[in-house]
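Undergrad: What follows is the file structure-v4.cif, containing mmCIF, C-alpha atoms:
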```cif
data_upload
loop_
_atom_site.group_PDB
_atom_site.id
_atom_site.type_symbol
_atom_site.label_atom_id
_atom_site.label_comp_id
_atom_site.auth_asym_id
_atom_site.auth_seq_id
_atom_site.Cartn_x
_atom_site.Cartn_y
_atom_site.Cartn_z
ATOM 1 C CA MET A 280 0.000 0.000 0.000
ATOM 2 C CA THR A 281 2.827 2.385 0.815
ATOM 3 C CA LYS A 282 4.791 1.473 -2.311
ATOM 4 C CA ILE A 283 5.297 4.587 -4.429
ATOM 5 C CA LYS A 284 3.875 2.748 -7.468
ATOM 6 C CA ASN A 285 0.570 2.209 -5.647
ATOM 7 C CA ILE A 286 0.360 5.782 -4.390
ATOM 8 C CA SER A 287 1.091 7.137 -7.823
ATOM 9 C CA SER A 288 -2.156 5.969 -9.418
ATOM 10 C CA ASN A 289 -4.173 7.888 -6.824
ATOM 11 C CA TYR A 290 -2.158 11.046 -6.296
ATOM 12 C CA LYS A 291 0.327 11.511 -9.083
ATOM 13 C CA ASP A 292 -2.074 13.124 -11.512
ATOM 14 C CA ASN A 293 -4.200 14.774 -8.856
ATOM 15 C CA ASN A 294 -2.315 17.968 -8.128
ATOM 16 C CA PRO A 295 -3.522 19.388 -4.818
ATOM 17 C CA LEU A 296 -1.604 22.612 -5.454
ATOM 18 C CA LYS A 297 -3.647 25.331 -7.139
ATOM 19 C CA ALA A 298 -2.652 28.559 -8.852
ATOM 20 C CA PRO A 299 -4.782 31.681 -8.255
ATOM 21 C CA ASP A 300 -7.657 32.222 -10.716
ATOM 22 C CA GLY A 301 -6.553 34.060 -13.850
ATOM 23 C CA TYR A 302 -2.863 33.796 -12.935
ATOM 24 C CA PHE A 303 -1.747 32.057 -16.141
ATOM 25 C CA GLU A 304 -4.042 34.113 -18.382
ATOM 26 C CA ALA A 305 -2.477 37.385 -17.259
ATOM 27 C CA PHE A 306 1.039 35.995 -16.942
ATOM 28 C CA GLU A 307 2.546 37.220 -20.260
ATOM 29 C CA ASP A 308 1.285 40.814 -19.827
ATOM 30 C CA HIS A 309 2.365 40.896 -16.208
ATOM 31 C CA MET A 310 5.792 39.481 -17.081
ATOM 32 C CA MET A 311 6.421 41.946 -19.934
ATOM 33 C CA ASN A 312 5.537 44.854 -17.604
ATOM 34 C CA PHE A 313 7.936 43.441 -15.025
ATOM 35 C CA ILE A 314 10.732 43.114 -17.620
ATOM 36 C CA HIS A 315 10.265 46.678 -18.932
ATOM 37 C CA THR A 316 10.189 48.084 -15.379
ATOM 38 C CA GLN A 317 13.372 46.194 -14.465
ATOM 39 C CA GLU A 318 15.151 47.370 -17.622
ATOM 40 C CA GLN A 319 14.167 51.001 -17.017
ATOM 41 C CA SER A 320 15.259 50.864 -13.401
ATOM 42 C CA SER A 321 18.595 49.256 -14.308
ATOM 43 C CA THR A 322 19.235 52.004 -16.898
ATOM 44 C CA GLN A 323 18.274 54.619 -14.296
ATOM 45 C CA LYS A 324 20.609 52.955 -11.771
ATOM 46 C CA ILE A 325 23.536 53.227 -14.206
ATOM 47 C CA ILE A 326 22.731 56.893 -14.888
ATOM 48 C CA ASN A 327 22.492 57.624 -11.152
ATOM 49 C CA LEU A 328 25.774 55.831 -10.605
ATOM 50 C CA ILE A 329 27.772 57.794 -13.201
ATOM 51 C CA LYS A 330 25.952 61.137 -12.796
ATOM 52 C CA PRO A 331 28.206 62.541 -10.010
ATOM 53 C CA TRP A 332 31.322 61.528 -11.972
ATOM 54 C CA LEU A 333 30.007 63.134 -15.154
ATOM 55 C CA THR A 334 29.255 66.341 -13.236
ATOM 56 C CA LEU A 335 32.764 66.388 -11.742
ATOM 57 C CA ALA A 336 34.322 65.763 -15.161
ATOM 58 C CA ALA A 337 32.255 68.581 -16.711
ATOM 59 C CA ILE A 338 33.312 71.008 -13.948
ATOM 60 C CA PHE A 339 36.972 70.005 -14.366
ATOM 61 C CA ILE A 340 36.843 70.502 -18.166
ATOM 62 C CA ALA A 341 35.099 73.878 -17.756
ATOM 63 C CA ILE A 342 37.738 75.081 -15.246
ATOM 64 C CA THR A 343 40.612 73.867 -17.447
ATOM 65 C CA LEU A 344 39.229 75.567 -20.569
ATOM 66 C CA THR A 345 38.569 78.846 -18.722
ATOM 67 C CA PHE A 346 42.065 78.846 -17.213
ATOM 68 C CA GLN A 347 43.686 78.176 -20.594
ATOM 69 C CA PHE A 348 41.639 80.937 -22.251
ATOM 70 C CA ILE A 349 42.648 83.504 -19.617
ATOM 71 C CA LYS A 350 46.316 82.452 -19.776
ATOM 72 C CA LYS A 351 46.375 82.695 -23.573
ATOM 73 C CA ASP A 352 44.894 86.198 -23.439
ATOM 74 C CA GLU A 353 47.546 87.401 -20.984
ATOM 75 C CA ASN A 354 50.402 85.936 -22.991
ATOM 76 C CA SER A 355 49.314 86.991 -26.446
ATOM 77 C CA TYR A 356 52.927 88.028 -27.254
ATOM 78 C CA GLU A 357 55.104 85.005 -27.735
ATOM 79 C CA TYR A 358 58.607 85.494 -26.385
ATOM 80 C CA PRO A 359 61.452 84.363 -28.634
ATOM 81 C CA ASN A 360 62.866 81.014 -27.643
ATOM 82 C CA ASN A 361 66.534 81.769 -28.375
ATOM 83 C CA ILE A 362 68.898 84.527 -29.293
ATOM 84 C CA ASP A 363 68.830 83.735 -33.048
ATOM 85 C CA GLN A 364 65.079 84.163 -33.088
ATOM 86 C CA LEU A 365 65.451 87.466 -31.187
ATOM 87 C CA TYR A 366 67.838 88.785 -33.809
ATOM 88 C CA SER A 367 65.701 87.598 -36.675
ATOM 89 C CA ASP A 368 62.697 89.331 -35.061
ATOM 90 C CA LEU A 369 64.688 92.571 -34.743
ATOM 91 C CA GLU A 370 65.921 92.322 -38.296
ATOM 92 C CA TYR A 371 62.388 91.890 -39.413
ATOM 93 C CA GLU A 372 61.249 94.990 -37.547
ATOM 94 C CA LEU A 373 64.247 97.279 -38.323
ATOM 95 C CA SER A 374 65.362 97.676 -41.911
ATOM 96 C CA GLU A 375 68.768 99.048 -42.887
ATOM 97 C CA ASP A 376 67.112 102.333 -43.946
ATOM 98 C CA ASP A 377 65.599 102.662 -40.483
ATOM 99 C CA ILE A 378 69.006 102.310 -38.874
ATOM 100 C CA ILE A 379 70.620 104.882 -41.230
ATOM 101 C CA GLU A 380 67.738 107.289 -40.683
ATOM 102 C CA PHE A 381 68.126 106.867 -36.915
ATOM 103 C CA ILE A 382 71.865 107.641 -37.070
ATOM 104 C CA ILE A 383 71.267 110.776 -39.140
ATOM 105 C CA GLU A 384 68.457 112.004 -36.935
ATOM 106 C CA GLU A 385 70.497 111.483 -33.759
ATOM 107 C CA ASN A 386 73.554 112.942 -35.404
ATOM 108 C CA LEU A 387 75.724 110.163 -34.072
ATOM 109 C CA ASN A 388 79.446 110.176 -34.776
ATOM 110 C CA LEU A 389 80.351 106.556 -35.126
ATOM 111 C CA GLU A 390 84.068 107.247 -35.413
ATOM 112 C CA GLU A 391 84.106 109.030 -32.058
ATOM 113 C CA SER A 392 82.318 106.250 -30.357
ATOM 114 C CA GLU A 393 84.744 103.599 -31.554
ATOM 115 C CA LEU A 394 87.376 102.749 -28.975
ATOM 116 C CA GLU A 395 90.897 101.835 -29.905
ATOM 117 C CA LEU A 396 93.004 99.419 -27.899
ATOM 118 C CA SER A 397 95.658 102.057 -27.882
ATOM 119 C CA ASP A 398 93.370 104.253 -25.747
ATOM 120 C CA PHE A 399 93.985 101.880 -22.821
ATOM 121 C CA SER A 400 97.123 101.482 -20.801
ATOM 122 C CA ASP A 401 98.712 98.038 -20.354
ATOM 123 C CA GLU A 402 97.522 97.897 -16.709
ATOM 124 C CA GLU A 403 93.964 98.598 -17.719
ATOM 125 C CA ILE A 404 94.057 95.861 -20.362
ATOM 126 C CA ASP A 405 95.439 93.342 -17.824
ATOM 127 C CA GLU A 406 92.718 94.315 -15.390
ATOM 128 C CA LEU A 407 90.000 93.778 -18.005
ATOM 129 C CA ILE A 408 91.404 90.355 -18.946
ATOM 130 C CA MET A 409 91.558 89.310 -15.255
ATOM 131 C CA PHE A 410 87.848 89.978 -14.744
ATOM 132 C CA MET B 226 9.149 18.712 -26.702
ATOM 133 C CA HIS B 227 8.005 21.554 -28.999
ATOM 134 C CA LYS B 228 10.676 21.477 -31.682
ATOM 135 C CA GLU B 229 8.738 23.391 -34.346
ATOM 136 C CA LYS B 230 7.529 26.004 -31.883
ATOM 137 C CA ASP B 231 11.048 26.314 -30.423
ATOM 138 C CA ALA B 232 12.421 27.070 -33.894
ATOM 139 C CA GLU B 233 9.753 29.753 -34.388
ATOM 140 C CA ILE B 234 10.474 31.237 -30.942
ATOM 141 C CA LEU B 235 14.219 31.404 -31.580
ATOM 142 C CA TYR B 236 13.770 32.873 -35.056
ATOM 143 C CA LYS B 237 11.508 35.637 -33.723
ATOM 144 C CA ILE B 238 13.660 36.377 -30.685
ATOM 145 C CA LYS B 239 16.723 36.948 -32.872
ATOM 146 C CA GLU B 240 14.815 39.579 -34.877
ATOM 147 C CA PRO B 241 14.828 42.705 -32.664
ATOM 148 C CA SER B 242 11.420 43.862 -33.923
ATOM 149 C CA LEU B 243 9.884 40.436 -33.126
ATOM 150 C CA LYS B 244 11.685 39.728 -29.847
ATOM 151 C CA GLU B 245 8.713 40.480 -27.600
ATOM 152 C CA GLU B 246 6.358 38.455 -29.794
ATOM 153 C CA GLY B 247 8.756 35.491 -29.707
ATOM 154 C CA PHE B 248 9.170 35.806 -25.957
ATOM 155 C CA ARG B 249 5.412 35.872 -25.410
ATOM 156 C CA LEU B 250 5.169 32.662 -27.448
ATOM 157 C CA LEU B 251 7.891 31.089 -25.302
ATOM 158 C CA MET B 252 6.034 32.037 -22.119
ATOM 159 C CA SER B 253 2.725 30.734 -23.433
ATOM 160 C CA ILE B 254 4.284 27.286 -23.945
ATOM 161 C CA TYR B 255 6.607 27.003 -20.942
ATOM 162 C CA LYS B 256 5.001 29.081 -18.160
ATOM 163 C CA LYS B 257 2.876 26.201 -16.804
ATOM 164 C CA PRO B 258 5.470 23.397 -16.737
ATOM 165 C CA LEU B 259 8.030 25.780 -15.222
ATOM 166 C CA TYR B 260 5.530 27.127 -12.692
ATOM 167 C CA TRP B 261 4.678 23.620 -11.435
ATOM 168 C CA HIS B 262 8.331 22.624 -11.496
ATOM 169 C CA VAL B 263 9.095 25.472 -9.067
ATOM 170 C CA ARG B 264 5.875 25.185 -7.085
ATOM 171 C CA LYS B 265 6.546 21.549 -6.199
ATOM 172 C CA MET B 266 9.902 22.602 -4.805
ATOM 173 C CA VAL B 267 8.849 25.633 -2.729
ATOM 174 C CA MET B 268 5.118 24.821 -2.269
ATOM 175 C CA ASN B 269 4.077 28.445 -1.739
ATOM 176 C CA HIS B 270 2.515 30.366 -4.667
ATOM 177 C CA GLU B 271 4.012 33.791 -3.861
ATOM 178 C CA ASP B 272 7.554 32.420 -3.692
ATOM 179 C CA THR B 273 6.953 30.444 -6.888
ATOM 180 C CA ASN B 274 5.810 33.618 -8.615
ATOM 181 C CA ASP B 275 8.933 35.514 -7.493
ATOM 182 C CA ILE B 276 11.240 32.720 -8.664
ATOM 183 C CA LEU B 277 9.434 32.397 -11.981
ATOM 184 C CA GLN B 278 9.603 36.162 -12.608
ATOM 185 C CA ASN B 279 13.341 36.235 -11.912
ATOM 186 C CA SER B 280 13.864 33.159 -14.102
ATOM 187 C CA PHE B 281 11.983 34.650 -17.056
ATOM 188 C CA LEU B 282 13.866 37.934 -16.599
ATOM 189 C CA LYS B 283 17.162 36.012 -16.880
ATOM 190 C CA ILE B 284 15.834 34.122 -19.892
ATOM 191 C CA TRP B 285 14.846 37.426 -21.563
ATOM 192 C CA LYS B 286 18.300 38.916 -20.941
ATOM 193 C CA ASN B 287 20.256 35.868 -22.089
ATOM 194 C CA ILE B 288 18.184 34.171 -24.770
ATOM 195 C CA GLU B 289 20.172 35.809 -27.578
ATOM 196 C CA HIS B 290 23.216 33.888 -26.314
ATOM 197 C CA PHE B 291 21.372 30.560 -26.249
ATOM 198 C CA ARG B 292 23.297 28.005 -28.297
ATOM 199 C CA GLU B 293 21.008 25.767 -30.266
ATOM 200 C CA ASP B 294 23.084 22.642 -29.687
ATOM 201 C CA ALA B 295 20.855 21.944 -26.652
ATOM 202 C CA ALA B 296 17.060 21.740 -26.496
ATOM 203 C CA LEU B 297 15.376 24.998 -25.492
ATOM 204 C CA TYR B 298 13.348 23.416 -22.666
ATOM 205 C CA THR B 299 16.559 21.942 -21.179
ATOM 206 C CA TRP B 300 18.049 25.430 -21.021
ATOM 207 C CA LEU B 301 14.851 26.935 -19.570
ATOM 208 C CA TYR B 302 14.602 24.204 -16.921
ATOM 209 C CA ARG B 303 18.247 24.694 -16.015
ATOM 210 C CA ILE B 304 17.831 28.448 -15.432
ATOM 211 C CA THR B 305 14.631 27.951 -13.437
ATOM 212 C CA THR B 306 16.130 25.108 -11.401
ATOM 213 C CA ASN B 307 19.205 27.155 -10.528
ATOM 214 C CA GLU B 308 17.005 30.071 -9.504
ATOM 215 C CA THR B 309 14.915 27.741 -7.321
ATOM 216 C CA LEU B 310 17.941 26.157 -5.650
ATOM 217 C CA SER B 311 19.436 29.618 -4.974
ATOM 218 C CA PHE B 312 16.154 30.691 -3.407
ATOM 219 C CA LEU B 313 15.991 27.577 -1.239
ATOM 220 C CA LYS B 314 19.594 28.044 -0.168
ATOM 221 C CA SER B 315 18.995 31.673 0.826
ATOM 222 C CA LYS B 316 15.819 30.795 2.729
ATOM 223 C CA SER B 317 16.900 27.371 3.961
ATOM 224 C CA LEU B 318 16.727 28.088 7.684
ATOM 225 C CA LYS B 319 13.288 29.661 7.563
ATOM 226 C CA TYR B 320 11.943 27.086 5.139
ATOM 227 C CA THR B 321 13.371 24.057 6.897
ATOM 228 C CA ARG B 322 11.882 25.202 10.189
ATOM 229 C CA MET B 323 8.506 25.995 8.704
ATOM 230 C CA LEU B 324 8.066 23.055 6.348
ATOM 231 C CA THR B 325 9.901 20.091 7.779
ATOM 232 C CA ASP B 326 10.874 20.385 11.429
ATOM 233 C CA ASN B 327 7.394 20.342 12.840
ATOM 234 C CA SER B 328 4.797 18.194 11.081
ATOM 235 C CA GLN B 329 1.903 19.999 12.729
ATOM 236 C CA THR B 330 3.155 23.349 11.537
ATOM 237 C CA PHE B 331 3.655 21.996 8.048
ATOM 238 C CA GLU B 332 0.150 20.499 7.906
ATOM 239 C CA GLU B 333 -1.315 23.705 9.275
ATOM 240 C CA VAL B 334 0.568 25.730 6.687
ATOM 241 C CA LEU B 335 -0.708 23.584 3.828
ATOM 242 C CA LYS B 336 -4.287 23.444 5.119
ATOM 243 C CA ALA B 337 -4.326 27.222 5.585
ATOM 244 C CA ASP B 338 -2.908 27.769 2.091
ATOM 245 C CA PRO B 339 -5.811 28.897 -0.146
ATOM 246 C CA TYR B 340 -3.969 27.422 -3.115
ATOM 247 C CA PHE B 341 -3.710 23.918 -1.649
ATOM 248 C CA ASP B 342 -6.621 21.528 -2.046
ATOM 249 C CA GLY B 343 -5.516 18.066 -0.930
ATOM 250 C CA SER B 344 -6.486 15.279 1.430
ATOM 251 C CA ASP B 345 -4.524 14.246 4.540
ATOM 252 C CA ILE B 346 -2.745 11.500 2.581
ATOM 253 C CA GLU B 347 -1.718 14.010 -0.075
ATOM 254 C CA ILE B 348 -0.381 16.294 2.641
ATOM 255 C CA LYS B 349 1.644 13.374 4.038
ATOM 256 C CA LEU B 350 2.973 12.543 0.585
ATOM 257 C CA ARG B 351 3.958 16.172 0.013
ATOM 258 C CA LYS B 352 5.549 16.320 3.434
ATOM 259 C CA ALA B 353 7.551 13.155 2.751
ATOM 260 C CA VAL B 354 8.768 14.674 -0.517
ATOM 261 C CA LEU B 355 9.611 17.950 1.211
ATOM 262 C CA ASN B 356 11.666 16.084 3.802
ATOM 263 C CA LEU B 357 14.083 15.056 1.074
ATOM 264 C CA PRO B 358 17.249 17.114 0.583
ATOM 265 C CA ASP B 359 16.807 19.774 -2.149
ATOM 266 C CA LYS B 360 18.682 17.914 -4.909
ATOM 267 C CA GLN B 361 16.949 14.570 -4.188
ATOM 268 C CA ARG B 362 13.568 16.308 -4.114
ATOM 269 C CA LEU B 363 14.315 17.975 -7.413
ATOM 270 C CA ILE B 364 15.266 14.666 -9.026
ATOM 271 C CA PHE B 365 12.226 12.916 -7.549
ATOM 272 C CA ASN B 366 9.843 15.643 -8.777
ATOM 273 C CA MET B 367 11.294 15.697 -12.277
ATOM 274 C CA LYS B 368 11.233 11.936 -12.638
ATOM 275 C CA TYR B 369 8.075 11.063 -10.755
ATOM 276 C CA PHE B 370 5.706 14.020 -11.300
ATOM 277 C CA ASP B 371 7.070 15.589 -14.489
ATOM 278 C CA GLU B 372 7.895 12.169 -16.009
ATOM 279 C CA LEU B 373 11.129 13.376 -17.549
ATOM 280 C CA LYS B 374 13.636 10.774 -18.705
ATOM 281 C CA PHE B 375 16.875 10.344 -16.772
ATOM 282 C CA LYS B 376 18.776 11.514 -19.855
ATOM 283 C CA GLU B 377 16.762 14.749 -19.949
ATOM 284 C CA ILE B 378 17.232 15.332 -16.213
ATOM 285 C CA SER B 379 20.927 14.648 -16.694
ATOM 286 C CA GLU B 380 21.147 17.438 -19.300
ATOM 287 C CA ILE B 381 19.215 19.878 -17.124
ATOM 288 C CA LEU B 382 21.109 19.232 -13.891
ATOM 289 C CA ASN B 383 24.438 18.438 -15.542
ATOM 290 C CA THR B 384 24.699 15.206 -13.506
ATOM 291 C CA SER B 385 25.424 11.674 -14.712
ATOM 292 C CA VAL B 386 22.520 9.308 -15.363
ATOM 293 C CA GLY B 387 23.975 6.743 -12.930
ATOM 294 C CA SER B 388 24.112 9.280 -10.119
ATOM 295 C CA LEU B 389 20.529 10.398 -10.870
ATOM 296 C CA LYS B 390 19.232 6.815 -10.767
ATOM 297 C CA ALA B 391 20.915 6.248 -7.414
ATOM 298 C CA SER B 392 19.488 9.507 -5.978
ATOM 299 C CA TYR B 393 16.000 8.667 -7.255
ATOM 300 C CA HIS B 394 16.135 5.168 -5.754
ATOM 301 C CA ILE B 395 17.171 6.567 -2.341
ATOM 302 C CA ALA B 396 14.427 9.212 -2.530
ATOM 303 C CA VAL B 397 11.735 6.613 -3.300
ATOM 304 C CA LYS B 398 12.843 4.430 -0.377
ATOM 305 C CA LYS B 399 12.783 7.410 2.016
ATOM 306 C CA ILE B 400 9.285 8.436 0.914
ATOM 307 C CA GLU B 401 7.916 4.886 1.164
ATOM 308 C CA SER B 402 9.399 4.545 4.628
ATOM 309 C CA GLU B 403 7.936 7.847 5.826
ATOM 310 C CA MET B 404 4.525 7.103 4.312
ATOM 311 C CA LYS B 405 4.507 3.710 6.060
ATOM 312 C CA GLU B 406 5.196 5.408 9.407
ATOM 313 C CA ASN B 407 2.482 8.035 8.990
ATOM 314 C CA LEU B 408 -0.351 5.977 7.489
#
```
Translate this structure into structure tokens?
TA:
Amino acid sequence: MTKIKNISSNYKDNNPLKAPDGYFEAFEDHMMNFIHTQEQSSTQKIINLIKPWLTLAAIFIAITLTFQFIKKDENSYEYPNNIDQLYSDLEYELSEDDIIEFIIEENLNLEESELELSDFSDEEIDELIMF
Amino acid sequence: MHKEKDAEILYKIKEPSLKEEGFRLLMSIYKKPLYWHVRKMVMNHEDTNDILQNSFLKIWKNIEHFREDAALYTWLYRITTNETLSFLKSKSLKYTRMLTDNSQTFEEVLKADPYFDGSDIEIKLRKAVLNLPDKQRLIFNMKYFDELKFKEISEILNTSVGSLKASYHIAVKKIESEMKENL
């Protein structure tokens, strides 16, 4: 009587467990709503998770760009990098005519301004070489 | 099981515009067998509903990766079974106390359940089944109630047929012994 084969004929096909009325009929609609809600909430969770980081990154980029803009404005003149560039810049700005015109206007006597070694005594020359 | 329908389901699910239609077809075919598969393990309708919802959510998210070298129902059963075993593991203390430690409590729980309509002998049979360890109960339910073949159960649970036969034999002996004591 207690053999499982004997019990089976009476109880195997008679399922005492019941599902609520209408449960299976509404299952697909209910399940699709559940899936869409879960997907929306998981997307929202990701957005909420990265939102503070995105805000920080945006602030950092804004500060960097502002700082660079201000710095560029202040340093609009670019200093020459080496002495050759300095000379080439000067040559570009002052032509030979400009220099001659300047000498004439200032009435400069180039010969007077030139110093001869003979103008110095031997002691003075030694002193200059020492330092 | 439903080879032609399975092919239609998989075809539709792989087309993004038809995915929901294909998934609804899948649910219409498999919701009942999977519901009863879970219900026999956890007994309670609300818990069954939660497990089934989570299982179908996982199926929805992963079905595009389903490899067609296995039968669709095997894959669906495997996901649902894993979800059920995880649930039972997480609730084991509460469930064990409520359903198996005290026979009076268990009988009261079943009799008070509006979704249980069985005689005293049926309650005893269910109690004897519930007294089995989770894996043995699962194997017993699939073989005895669902009438699956050992080969099919083997694919679902990823266990050898020999091991399944041994577990089933032990489960049957335990149930017969408990029924003999209580009748």
Undergrad: For chain B, report every residue with an atom at most 8 Å from chain A (counting all atoms listed in the file), formatted as a VMD selection string.
TA: chain B and resid 249 252 to 253 256 to 257 268 270 278 281 to 282 340 to 343 347 369 to 370 397 400 to 402 404 to 405
Undergrad: Determine the residue membership of the PyMOL selection byres ((chain B and resi 289) around 10) for the file above and supply it as a list in words.
TA: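 That selection, the PyMOL selection byres ((chain B and resi 289) around 10), comes back as Leu235, Ile238, Lys239, Glu240, Lys244, Ile284, Trp285, Lys286, Asn287, Ile288, His290, Phe291 and Arg292 of chain B.
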Undergrad: Looking at only C-alpha atoms, which of B:Leu382, B:Val263, B:Leu243, B:Ala296 is the one that sits closest to Glu308 in chain B?
TA: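 The answer is B:Val263, which sits nearest to Glu308 in chain B.
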Undergrad: Could you work out how far CA of Asp359 in chain B lies from CA of Lys399 in chain B, giving the answer in Å with one decimal?
TA: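 Calculated distance between CA of Lys399 in chain B and CA of Asp359 in chain B is 13.7 Å.
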Undergrad: Figure out the distance between CA of His227 in chain B and CA of Arg362 in chain B, please, to one decimal in Å.
TA: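 Straight-line distance from CA of Arg362 in chain B to CA of His227 in chain B works out to 26.0 Å.
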Undergrad: Just give me the gap between CA of Leu333 in chain A and CA of Ile349 in chain A in Å, one decimal is fine.
TA: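 Computing it gives 24.4 Å between the two atoms.
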Undergrad: Distance cut-off 12 Å, centre (14.1, 15.3, -6.7) in file coordinates, counting only C-alpha atoms: which residues qualify? Return them as JSON, numbers by chain.
TA: {"B": [262, 263, 265, 266, 306, 310, 353, 354, 355, 356, 357, 358, 359, 360, 361, 362, 363, 364, 365, 366, 367, 368, 369, 370, 371, 372, 373, 375, 378, 382, 389, 390, 391, 392, 393, 394, 395, 396, 397, 399, 400]}
Undergrad: Save out the residues we just selected, C-alpha atoms, as a compact mmCIF listing (two decimals), in the coordinates of the input.
TA:
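Produced file part_12.txt, reproduced below:
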```txt
# COMPACT_ATOMS: atom_id res chain seq x y z
CA HIS B 262 8.33 22.62 -11.50
CA VAL B 263 9.10 25.47 -9.07
CA LYS B 265 6.55 21.55 -6.20
CA MET B 266 9.90 22.60 -4.80
CA THR B 306 16.13 25.11 -11.40
CA LEU B 310 17.94 26.16 -5.65
CA ALA B 353 7.55 13.16 2.75
CA VAL B 354 8.77 14.67 -0.52
CA LEU B 355 9.61 17.95 1.21
CA ASN B 356 11.67 16.08 3.80
CA LEU B 357 14.08 15.06 1.07
CA PRO B 358 17.25 17.11 0.58
CA ASP B 359 16.81 19.77 -2.15
CA LYS B 360 18.68 17.91 -4.91
CA GLN B 361 16.95 14.57 -4.19
CA ARG B 362 13.57 16.31 -4.11
CA LEU B 363 14.32 17.98 -7.41
CA ILE B 364 15.27 14.67 -9.03
CA PHE B 365 12.23 12.92 -7.55
CA ASN B 366 9.84 15.64 -8.78
CA MET B 367 11.29 15.70 -12.28
CA LYS B 368 11.23 11.94 -12.64
CA TYR B 369 8.07 11.06 -10.76
CA PHE B 370 5.71 14.02 -11.30
CA ASP B 371 7.07 15.59 -14.49
CA GLU B 372 7.90 12.17 -16.01
CA LEU B 373 11.13 13.38 -17.55
CA PHE B 375 16.88 10.34 -16.77
CA ILE B 378 17.23 15.33 -16.21
CA LEU B 382 21.11 19.23 -13.89
CA LEU B 389 20.53 10.40 -10.87
CA LYS B 390 19.23 6.82 -10.77
CA ALA B 391 20.92 6.25 -7.41
CA SER B 392 19.49 9.51 -5.98
CA TYR B 393 16.00 8.67 -7.26
CA HIS B 394 16.14 5.17 -5.75
CA ILE B 395 17.17 6.57 -2.34
CA ALA B 396 14.43 9.21 -2.53
CA VAL B 397 11.74 6.61 -3.30
CA LYS B 399 12.78 7.41 2.02
CA ILE B 400 9.28 8.44 0.91
```
Undergrad: Looking at B:Arg264, B:Lys376, B:Leu259, B:Phe248, which one is nearest to Ile304 in chain B, with distances taken over all atoms listed in the file?
TA: B:Leu259
